[in-house]
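Student: Next up, structure.tsv (TSV, C-alpha atoms).
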chain	number	residue	atom	x	y	z
A	353	MET	CA	22.62	-35.77	-71.03
A	354	ALA	CA	22.10	-32.05	-70.61
A	355	ILE	CA	18.31	-32.59	-70.40
A	356	ARG	CA	18.72	-35.27	-67.71
A	357	ARG	CA	21.01	-33.06	-65.65
A	358	ARG	CA	18.54	-30.17	-65.95
A	359	ARG	CA	15.60	-32.33	-64.79
A	360	PHE	CA	17.66	-33.73	-61.90
A	361	GLY	CA	18.54	-30.20	-60.80
A	362	GLN	CA	14.87	-29.16	-60.89
A	363	VAL	CA	13.78	-32.15	-58.79
A	364	LEU	CA	16.57	-31.53	-56.28
A	365	ALA	CA	15.61	-27.85	-55.94
A	366	VAL	CA	11.96	-28.74	-55.29
A	367	ALA	CA	12.96	-31.35	-52.70
A	368	LEU	CA	15.29	-28.95	-50.87
A	369	ALA	CA	12.60	-26.27	-50.78
A	370	ALA	CA	10.10	-28.73	-49.29
A	371	MET	CA	12.60	-29.80	-46.63
A	372	MET	CA	13.29	-26.19	-45.64
A	373	VAL	CA	9.59	-25.44	-45.27
A	374	ALA	CA	9.04	-28.53	-43.11
A	375	ALA	CA	12.07	-27.86	-40.91
A	376	ALA	CA	11.07	-24.24	-40.27
A	377	GLY	CA	7.47	-25.16	-39.54
A	378	CYS	CA	6.32	-22.40	-41.87
A	379	LYS	CA	2.65	-21.74	-42.44
A	380	THR	CA	1.23	-21.06	-45.86
A	381	THR	CA	-1.28	-18.56	-44.39
A	382	PRO	CA	-0.81	-15.65	-41.98
A	383	PRO	CA	-1.63	-16.24	-38.28
A	384	GLU	CA	-5.27	-16.05	-37.37
A	385	GLU	CA	-6.37	-13.09	-35.27
A	386	GLY	CA	-5.89	-13.89	-31.58
A	387	GLU	CA	-3.10	-16.39	-32.12
A	388	LYS	CA	0.12	-15.72	-30.20
A	389	GLY	CA	2.12	-15.56	-33.38
A	390	GLY	CA	0.04	-12.66	-34.64
A	391	ALA	CA	-0.14	-10.64	-31.40
A	392	GLU	CA	1.78	-7.42	-31.42
A	393	PRO	CA	3.86	-6.65	-28.30
A	394	LYS	CA	2.36	-3.98	-26.06
A	395	PRO	CA	4.34	-0.74	-26.16
A	396	ALA	CA	6.32	-0.13	-22.98
A	397	ALA	CA	5.48	2.94	-20.92
A	398	THR	CA	7.78	5.86	-21.65
A	399	GLY	CA	8.32	9.34	-20.28
A	400	PRO	CA	9.02	10.73	-16.81
A	401	HIS	CA	6.30	8.60	-15.19
A	402	ALA	CA	7.09	5.31	-16.93
A	403	ALA	CA	8.13	3.55	-13.70
A	404	LEU	CA	4.73	4.31	-12.19
A	405	LEU	CA	2.61	3.65	-15.28
A	406	LYS	CA	4.09	0.18	-15.79
A	407	LEU	CA	2.49	-0.88	-12.49
A	408	LEU	CA	-0.95	-0.56	-14.09
A	409	PRO	CA	-2.33	-3.40	-16.25
A	410	ASN	CA	-3.28	-2.88	-19.88
A	411	ASP	CA	-6.17	-4.47	-21.78
A	412	ALA	CA	-6.52	-8.20	-21.01
A	413	ASP	CA	-3.53	-8.25	-18.65
A	414	VAL	CA	-6.05	-9.18	-15.97
A	415	GLY	CA	-8.67	-11.57	-17.33
A	416	ASP	CA	-11.10	-9.92	-19.72
A	417	TRP	CA	-10.87	-6.48	-18.14
A	418	LYS	CA	-10.27	-3.51	-20.43
A	419	THR	CA	-8.96	-0.05	-19.68
A	420	ASP	CA	-11.56	2.72	-19.55
A	421	GLY	CA	-9.75	5.87	-20.54
A	422	GLU	CA	-6.16	6.93	-20.06
A	423	ALA	CA	-4.21	6.78	-16.81
A	424	LYS	CA	-4.04	10.07	-14.91
A	425	VAL	CA	-0.94	11.11	-12.99
A	426	PHE	CA	-0.98	13.36	-9.93
A	427	GLY	CA	1.69	15.00	-7.81
A	428	PRO	CA	2.22	17.43	-4.92
A	429	ALA	CA	1.45	20.30	-7.33
A	430	ALA	CA	-0.20	20.58	-10.73
A	431	ASP	CA	2.07	20.80	-13.77
A	432	ALA	CA	0.20	21.50	-17.00
A	433	ALA	CA	3.35	21.03	-19.10
A	434	THR	CA	3.59	17.35	-18.12
A	435	GLY	CA	-0.12	16.71	-17.67
A	436	VAL	CA	0.15	16.21	-13.90
A	437	GLY	CA	-2.68	17.25	-11.60
A	438	ALA	CA	-2.50	18.11	-7.91
A	439	ILE	CA	-3.39	15.16	-5.71
A	440	GLU	CA	-6.34	17.10	-4.29
A	441	SER	CA	-7.99	17.01	-7.72
A	442	ASP	CA	-8.16	13.23	-7.33
A	443	LEU	CA	-8.72	12.71	-3.59
A	444	GLY	CA	-10.03	16.00	-2.26
A	445	GLN	CA	-9.49	16.45	1.48
A	446	ALA	CA	-8.28	12.85	1.80
A	447	ALA	CA	-5.07	13.97	0.07
A	448	ALA	CA	-3.81	15.43	3.36
A	449	ALA	CA	-3.18	11.93	4.73
A	450	TYR	CA	-0.85	11.15	1.83
A	451	ARG	CA	1.01	14.44	2.06
A	452	ALA	CA	1.86	13.50	5.66
A	453	TYR	CA	3.93	10.54	4.43
A	454	GLY	CA	6.44	11.92	1.96
A	455	TYR	CA	4.08	11.70	-1.01
A	456	VAL	CA	5.92	11.71	-4.36
A	457	ARG	CA	3.26	11.05	-7.01
A	458	SER	CA	0.33	8.78	-7.85
A	459	VAL	CA	-1.61	7.38	-10.77
A	460	VAL	CA	-5.22	6.26	-11.23
A	461	ARG	CA	-6.89	4.23	-13.95
A	462	HIS	CA	-10.33	2.69	-14.45
A	463	TYR	CA	-11.24	-0.70	-15.91
A	464	ILE	CA	-14.51	-2.19	-17.18
A	465	ARG	CA	-15.76	-5.68	-18.03
A	466	GLY	CA	-18.71	-6.78	-20.12
A	467	SER	CA	-21.92	-4.76	-20.15
A	468	GLY	CA	-23.11	-5.41	-16.60
A	469	GLY	CA	-21.54	-2.35	-15.03
A	470	ASP	CA	-18.49	-4.09	-13.53
A	471	ARG	CA	-15.85	-1.47	-12.79
A	472	VAL	CA	-12.44	-1.42	-11.09
A	473	THR	CA	-10.43	1.61	-10.04
A	474	VAL	CA	-6.71	1.16	-9.39
A	475	ARG	CA	-4.60	3.78	-7.65
A	476	VAL	CA	-0.88	3.45	-7.03
A	477	PHE	CA	0.88	5.91	-4.72
A	478	GLU	CA	4.64	6.34	-4.73
A	479	MET	CA	6.01	7.48	-1.37
A	480	LYS	CA	9.47	8.65	-0.37
A	481	THR	CA	10.46	5.37	1.34
A	482	PRO	CA	9.00	1.89	1.99
A	483	SER	CA	8.42	2.98	5.63
A	484	GLU	CA	6.26	5.88	4.49
A	485	ALA	CA	4.34	3.59	2.13
A	486	PHE	CA	3.66	1.22	5.04
A	487	GLY	CA	2.41	4.17	7.07
A	488	VAL	CA	-0.11	5.19	4.42
A	489	PHE	CA	-1.23	1.57	4.14
A	490	SER	CA	-1.66	1.30	7.91
A	491	VAL	CA	-4.08	4.21	8.17
A	492	SER	CA	-5.80	4.01	4.75
A	493	SER	CA	-6.70	0.32	4.44
A	494	SER	CA	-9.64	-1.40	6.10
A	495	GLY	CA	-11.35	-4.76	6.22
A	496	GLY	CA	-11.12	-8.05	8.08
A	497	THR	CA	-9.23	-10.12	5.49
A	498	PHE	CA	-5.44	-10.09	5.18
A	499	PRO	CA	-4.38	-11.80	1.93
A	500	LEU	CA	-0.79	-12.58	0.98
A	501	VAL	CA	-0.14	-9.73	-1.43
A	502	GLY	CA	3.02	-7.64	-1.26
A	503	LEU	CA	4.57	-6.94	2.13
A	504	ALA	CA	1.16	-6.55	3.78
A	505	ALA	CA	-2.42	-6.35	2.52
A	506	ARG	CA	-5.89	-5.73	3.88
A	507	MET	CA	-9.20	-6.36	2.11
A	508	SER	CA	-12.81	-5.39	2.70
A	509	LYS	CA	-15.86	-6.47	0.72
A	510	LYS	CA	-15.17	-4.05	-2.11
A	511	ALA	CA	-11.57	-2.83	-1.75
A	512	LEU	CA	-8.01	-4.12	-1.40
A	513	GLY	CA	-5.00	-2.18	-0.20
A	514	PHE	CA	-1.44	-3.46	-0.18
A	515	VAL	CA	2.08	-2.13	0.31
A	516	LYS	CA	5.24	-3.23	-1.44
A	517	GLY	CA	8.45	-1.28	-1.74
A	518	PRO	CA	7.77	2.48	-1.75
A	519	TYR	CA	4.30	1.91	-3.23
A	520	PHE	CA	0.84	1.74	-1.71
A	521	ALA	CA	-1.84	0.38	-4.05
A	522	SER	CA	-5.59	0.78	-3.60
A	523	ILE	CA	-7.98	-1.30	-5.70
A	524	GLU	CA	-11.75	-0.73	-5.58
A	525	TYR	CA	-14.48	-2.80	-7.23
A	526	ALA	CA	-18.01	-1.71	-8.16
A	527	GLY	CA	-20.51	-4.23	-9.51
A	528	ILE	CA	-22.70	-7.18	-8.59
A	529	SER	CA	-20.13	-9.97	-8.89
A	530	ASP	CA	-18.04	-11.43	-6.08
A	531	ALA	CA	-15.36	-8.81	-5.50
A	532	THR	CA	-12.75	-11.07	-3.91
A	533	PRO	CA	-11.36	-12.81	-7.04
A	534	VAL	CA	-11.39	-9.53	-8.95
A	535	LEU	CA	-9.48	-7.65	-6.24
A	536	MET	CA	-6.99	-10.49	-5.85
A	537	ASP	CA	-6.34	-10.75	-9.59
A	538	PHE	CA	-5.60	-7.04	-9.88
A	539	GLY	CA	-3.63	-6.97	-6.63
A	540	ARG	CA	-1.38	-9.89	-7.52
A	541	TRP	CA	-0.73	-8.54	-11.01
A	542	ALA	CA	0.29	-5.13	-9.71
A	543	ALA	CA	2.40	-6.58	-6.88
A	544	ASP	CA	4.28	-8.78	-9.35
A	545	GLN	CA	5.41	-5.68	-11.25
A	546	ILE	CA	7.07	-4.14	-8.18
A	547	THR	CA	10.65	-5.30	-7.68
A	548	SER	CA	11.66	-2.78	-4.99
A	549	SER	CA	12.70	-3.94	-1.53
A	550	SER	CA	10.06	-3.85	1.20
A	551	TYR	CA	10.38	-3.30	4.93
A	552	ARG	CA	8.36	-2.05	7.86
A	553	PRO	CA	9.34	1.03	9.89
A	554	SER	CA	12.08	0.06	12.34
A	555	VAL	CA	10.18	1.48	15.33
A	556	LEU	CA	7.58	-1.28	14.91
A	557	GLU	CA	10.23	-3.89	15.63
A	558	THR	CA	10.50	-2.64	19.23
A	559	PHE	CA	7.02	-3.94	20.11
A	560	PRO	CA	6.29	-7.31	21.75
A	561	LEU	CA	5.05	-10.13	19.51
A	562	GLY	CA	1.39	-11.12	19.44
A	563	SER	CA	-0.31	-7.96	18.17
A	564	ALA	CA	-3.64	-8.26	16.40
A	565	GLN	CA	-3.54	-8.39	12.62
A	566	GLY	CA	-4.55	-5.09	11.04
A	567	GLU	CA	-3.78	-3.17	14.24
A	568	ARG	CA	-0.29	-1.88	13.43
A	569	TYR	CA	-0.02	1.81	12.68
A	570	TYR	CA	2.78	4.18	11.75
A	571	LEU	CA	2.45	7.95	11.43
A	572	HIS	CA	4.03	11.34	12.09
A	573	ARG	CA	1.53	14.15	12.56
A	574	PHE	CA	-1.17	14.63	15.18
A	575	GLU	CA	-3.74	15.19	12.41
A	576	THR	CA	-3.24	11.58	11.35
A	577	LEU	CA	-3.25	10.28	14.93
A	578	ALA	CA	-6.48	12.10	15.72
A	579	VAL	CA	-8.49	10.20	13.09
A	580	LEU	CA	-7.78	6.81	14.67
A	581	PRO	CA	-11.05	5.79	16.35
A	582	PHE	CA	-9.50	4.31	19.51
A	583	LEU	CA	-7.49	7.41	20.46
A	584	PRO	CA	-8.70	9.08	23.71
A	585	LYS	CA	-8.71	12.83	22.98
A	586	GLY	CA	-10.80	14.90	25.36
A	587	GLU	CA	-9.30	18.18	24.16
A	588	PRO	CA	-7.63	17.52	20.79
A	589	GLU	CA	-6.09	20.98	20.35
A	590	THR	CA	-4.50	20.94	23.80
A	591	MET	CA	-3.34	17.35	23.38
A	592	ALA	CA	-1.73	18.25	20.04
A	593	ARG	CA	0.29	21.02	21.69
A	594	MET	CA	1.40	18.76	24.52
A	595	LEU	CA	2.59	15.93	22.29
A	596	ASP	CA	4.22	18.34	19.82
A	597	LEU	CA	4.24	15.90	16.92
A	598	SER	CA	5.74	16.86	13.56
A	599	ASP	CA	7.17	15.37	10.38
A	600	GLU	CA	10.32	14.62	12.41
A	601	THR	CA	8.55	12.40	14.96
A	602	ASP	CA	7.71	8.73	14.47
A	603	VAL	CA	4.57	7.37	16.09
A	604	ALA	CA	3.88	3.62	16.18
A	605	ILE	CA	0.81	1.93	17.66
A	606	MET	CA	-0.09	-1.74	18.01
A	607	GLY	CA	-3.24	-3.34	19.38
A	608	TYR	CA	-3.06	-6.53	21.48
A	609	PRO	CA	-5.87	-8.96	22.31
A	610	THR	CA	-7.13	-8.84	25.90
A	611	GLU	CA	-9.23	-11.10	28.15
A	612	THR	CA	-12.32	-9.31	26.86
A	613	MET	CA	-13.50	-10.31	23.40
A	614	GLY	CA	-13.35	-7.38	20.98
A	615	VAL	CA	-11.34	-5.16	23.34
A	616	LEU	CA	-7.73	-4.39	22.43
A	617	ASN	CA	-4.88	-2.97	24.47
A	618	TYR	CA	-3.27	-0.29	22.33
A	619	LEU	CA	0.40	0.41	23.04
A	620	PHE	CA	2.12	3.44	21.57
A	621	VAL	CA	5.68	4.63	21.06
A	622	ILE	CA	6.71	8.13	20.01
A	623	ARG	CA	10.28	8.68	18.85
A	624	TYR	CA	11.35	12.31	19.17
A	625	ALA	CA	14.37	13.99	17.63
A	626	SER	CA	16.22	13.98	20.95
A	627	ALA	CA	16.00	12.90	24.59
A	628	VAL	CA	15.37	16.52	25.56
A	629	ASP	CA	12.34	16.70	23.24
A	630	ALA	CA	11.05	13.38	24.58
A	631	SER	CA	11.35	14.54	28.19
A	632	ALA	CA	9.51	17.79	27.47
A	633	ALA	CA	6.68	15.99	25.66
A	634	TYR	CA	6.36	13.42	28.45
A	635	THR	CA	6.04	16.10	31.12
A	636	ALA	CA	3.48	18.04	29.09
A	637	TYR	CA	1.36	15.02	28.14
A	638	GLU	CA	1.47	13.58	31.66
A	639	GLY	CA	0.24	16.91	33.02
A	640	TYR	CA	-2.52	17.03	30.41
A	641	LEU	CA	-3.72	13.54	31.36
A	642	ALA	CA	-3.64	14.33	35.08
A	643	SER	CA	-6.00	17.27	34.63
A	644	SER	CA	-8.33	15.58	32.12
A	645	THR	CA	-11.94	14.89	33.10
A	646	SER	CA	-12.33	12.31	30.33
A	647	ALA	CA	-12.81	8.75	31.62
A	648	ALA	CA	-11.03	7.41	28.53
A	649	GLU	CA	-8.01	9.64	29.13
A	650	GLN	CA	-7.93	8.60	32.79
A	651	ASN	CA	-7.32	5.09	31.44
A	652	VAL	CA	-4.17	6.20	29.58
A	653	ALA	CA	-0.79	5.41	31.12
A	654	VAL	CA	2.45	6.94	29.91
A	655	ALA	CA	5.88	5.82	31.14
A	656	PRO	CA	8.90	8.04	31.76
A	657	PRO	CA	10.92	8.47	28.57
A	658	VAL	CA	13.62	6.02	27.53
A	659	GLY	CA	16.17	8.09	25.66
A	660	SER	CA	14.30	9.76	22.81
A	661	TYR	CA	11.27	7.43	23.18
A	662	VAL	CA	7.99	8.02	25.01
A	663	ALA	CA	5.80	4.93	25.39
A	664	GLY	CA	2.48	4.13	27.00
A	665	THR	CA	-0.89	2.44	26.66
A	666	PHE	CA	-4.28	3.87	25.82
A	667	ASN	CA	-5.87	1.06	27.86
A	668	ALA	CA	-4.14	0.91	31.23
A	669	GLU	CA	-6.83	-1.26	32.83
A	670	GLU	CA	-6.61	-3.91	30.14
A	671	ASN	CA	-2.81	-3.70	30.12
A	672	SER	CA	-2.69	-4.51	33.84
A	673	VAL	CA	-3.82	-8.08	33.13
A	674	LYS	CA	-0.98	-8.81	30.70
A	675	ASP	CA	1.62	-6.12	31.11
A	676	GLN	CA	2.56	-5.62	27.48
A	677	LEU	CA	3.81	-2.12	28.27
A	678	ALA	CA	6.57	-3.54	30.48
A	679	ARG	CA	7.69	-5.76	27.60
A	680	LEU	CA	7.64	-2.78	25.26
A	681	LEU	CA	9.75	-0.68	27.62
A	682	ALA	CA	12.23	-3.55	27.99
A	683	GLY	CA	12.56	-3.66	24.21
A	684	LEU	CA	13.35	0.07	24.22
A	685	GLY	CA	16.05	-0.46	26.79
A	686	GLY	CA	14.10	0.86	29.77
Just give me the structure as structure tokens.
Tutor:
Amino acid sequence: MAIRRRRFGQVLAVALAAMMVAAAGCKTTPPEEGEKGGAEPKPAATGPHAALLKLLPNDADVGDWKTDGEAKVFGPAADAATGVGAIESDLGQAAAAYRAYGYVRSVVRHYIRGSGGDRVTVRVFEMKTPSEAFGVFSVSSSGGTFPLVGLAARMSKKALGFVKGPYFASIEYAGISDATPVLMDFGRWAADQITSSSYRPSVLETFPLGSAQGERYYLHRFETLAVLPFLPKGEPETMARMLDLSDETDVAIMGYPTETMGVLNYLFVIRYASAVDASAAYTAYEGYLASSTSAAEQNVAVAPPVGSYVAGTFNAEENSVKDQLARLLAGLGG
């Protein structure tokens, strides 16, 4: 009887062990390389720049692209203790445009694919506010395609720029493949990592509807305004003194289609710190235009200030057909 009980116990133990293995779905061999079960989780970014670094993909986060070197962080000034370089060491003279928008810090990383020379460079800039990020986007992006990425995006044949929250991202592709799917894959991945709220500068909401896509600009300083190709500026130094722009002024410009194909009517609004400042700038700029010998500046019209706002058009002749300036002034309360 003791032998029978012992054999019964052994059989029962074997049966229970088999049932436990089946129920747990256990494997008798370790996971093969590449299987999900064997993949180790990627370490999360840590340190003072973790929030910025997590916006950059790691190996295979985007297709079969791999990182090429470590990410490099930049700031307003170099800091050897934290490994931060001055933004000029990354962008050279182009850094001035970012400093004009409450630049906080930025990061750059390179990616490669295969052996054919495909290369992607991703830069993410953190600005003081979403409005400042939109401003950088408005003057730094180019191209005739406007994909749905982030709050706003603009794409050329080899580059994509988009804004979301307080971040402006620039993605550049070098290689012989079609750049569009590459740029979109990187752009969408990065945009998905940003959870911050997005909004455009409030001064843009004062403009009439119907502006041309890609022709909405926001800035502060005259140095930024002067690089816009459509700006009439017969004597830039004198014009800069008359307008008296600074970090405390908001400048918004929108281009509107006209009866002539390829010609836009550019409206502008400048918000000064006070009505007194606006009145002084209006008088000075109006006098500058009146004495200008430039045909382009003779086609500029500026309206009397409305409170702390000065508004006008760089294309008075085109504006006369569809008076968008009158609509803009009405939106300002004038």
Student: Taking 3 positions as the minimum chain separation for residues in the same chain, which residues sit within 10 Å of A:Glu557 when counting all atoms listed in the file? Answer as a PDB file with C-alpha atoms, in the frame of the given file.
Tutor:
ATOM      1  CA  ARG A 552       8.360  -2.050   7.860  1.00  0.00           C
ATOM      2  CA  PRO A 553       9.340   1.030   9.890  1.00  0.00           C
ATOM      3  CA  SER A 554      12.080   0.060  12.340  1.00  0.00           C
ATOM      4  CA  PRO A 560       6.290  -7.310  21.750  1.00  0.00           C
ATOM      5  CA  LEU A 561       5.050 -10.130  19.510  1.00  0.00           C
ATOM      6  CA  ALA A 604       3.880   3.620  16.180  1.00  0.00           C
ATOM      7  CA  GLY A 683      12.560  -3.660  24.210  1.00  0.00           C
ATOM      8  CA  LEU A 684      13.350   0.070  24.220  1.00  0.00           C
TER       9      LEU A 684
END
Student: Leaving out A:Tyr453 and any residue of its chain fewer than 3 positions from it, which residues lie within 8 Å of it when counting all atoms listed in the file, given as a list in words?
Tutor: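 In the requested format, the answer is Ala449, Tyr450, Met479, Lys480, Glu484, Ala485, Gly487, Val488, Leu571 and His572 of chain A.
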Student: Write out as a list in words each polymer residue whose atoms come within 12 Å of A:Asp420, counting only C-alpha atoms; drop sequence neighbours fewer than 3 positions from it.
Tutor: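 Once the adjacent positions are removed, what remains is Pro409, Asn410, Asp411, Trp417, Ala423, Lys424, Val460, Arg461, His462, Tyr463, Ile464, Arg465, Gly466, Asp470, Arg471, Val472, Thr473 and Val474 of chain A.
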Student: Quick one: residues within 10 Å of A:Phe477, all atoms listed in the file counted, chain neighbours fewer than 6 positions away excluded, as a list in words?
Tutor: Leu404, Val425, Phe426, Gly427, Tyr450, Tyr455, Val456, Arg457, Ser458, Val459, Val460, Ala485, Val488, Val515, Pro518, Tyr519, Phe520, Ala521 and Ser522 of chain A
Student: What is the distance, in Å and to one decimal place, between atom CA of A:Tyr569 and atom CA of A:Leu681?
Tutor: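 A separation of 18.0 Å between them.
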Student: Can we get stretch 514-542 of chain A of that structure written down with C-alpha atoms, as a PDB file, in the first residue's frame?
Tutor:
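Writing the result to decode04.pdb gives the following:
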ATOM      1  CA  PHE A 514       7.617  71.936 -37.554  1.00  0.00           C
ATOM      2  CA  VAL A 515       6.513  73.633 -34.342  1.00  0.00           C
ATOM      3  CA  LYS A 516       4.731  72.083 -31.398  1.00  0.00           C
ATOM      4  CA  GLY A 517       4.575  73.445 -27.877  1.00  0.00           C
ATOM      5  CA  PRO A 518       7.721  75.446 -27.047  1.00  0.00           C
ATOM      6  CA  TYR A 519       9.762  73.384 -29.522  1.00  0.00           C
ATOM      7  CA  PHE A 520      10.863  73.982 -33.093  1.00  0.00           C
ATOM      8  CA  ALA A 521      12.261  70.907 -34.849  1.00  0.00           C
ATOM      9  CA  SER A 522      14.376  70.910 -37.993  1.00  0.00           C
ATOM     10  CA  ILE A 523      14.984  67.661 -39.880  1.00  0.00           C
ATOM     11  CA  GLU A 524      17.372  67.492 -42.846  1.00  0.00           C
ATOM     12  CA  TYR A 525      17.983  64.557 -45.193  1.00  0.00           C
ATOM     13  CA  ALA A 526      21.062  63.875 -47.327  1.00  0.00           C
ATOM     14  CA  GLY A 527      21.088  60.965 -49.774  1.00  0.00           C
ATOM     15  CA  ILE A 528      19.713  59.712 -53.070  1.00  0.00           C
ATOM     16  CA  SER A 529      16.394  58.293 -51.845  1.00  0.00           C
ATOM     17  CA  ASP A 530      13.046  60.074 -51.817  1.00  0.00           C
ATOM     18  CA  ALA A 531      13.308  62.436 -48.862  1.00  0.00           C
ATOM     19  CA  THR A 532       9.586  62.854 -48.198  1.00  0.00           C
ATOM     20  CA  PRO A 533       8.845  59.560 -46.383  1.00  0.00           C
ATOM     21  CA  VAL A 534      12.069  59.859 -44.397  1.00  0.00           C
ATOM     22  CA  LEU A 535      11.318  63.404 -43.247  1.00  0.00           C
ATOM     23  CA  MET A 536       7.731  62.511 -42.397  1.00  0.00           C
ATOM     24  CA  ASP A 537       8.729  59.431 -40.395  1.00  0.00           C
ATOM     25  CA  PHE A 538      11.189  61.402 -38.280  1.00  0.00           C
ATOM     26  CA  GLY A 539       8.848  64.381 -37.974  1.00  0.00           C
ATOM     27  CA  ARG A 540       5.857  62.369 -36.814  1.00  0.00           C
ATOM     28  CA  TRP A 541       7.942  60.398 -34.328  1.00  0.00           C
ATOM     29  CA  ALA A 542       9.378  63.537 -32.761  1.00  0.00           C
TER      30      ALA A 542
END
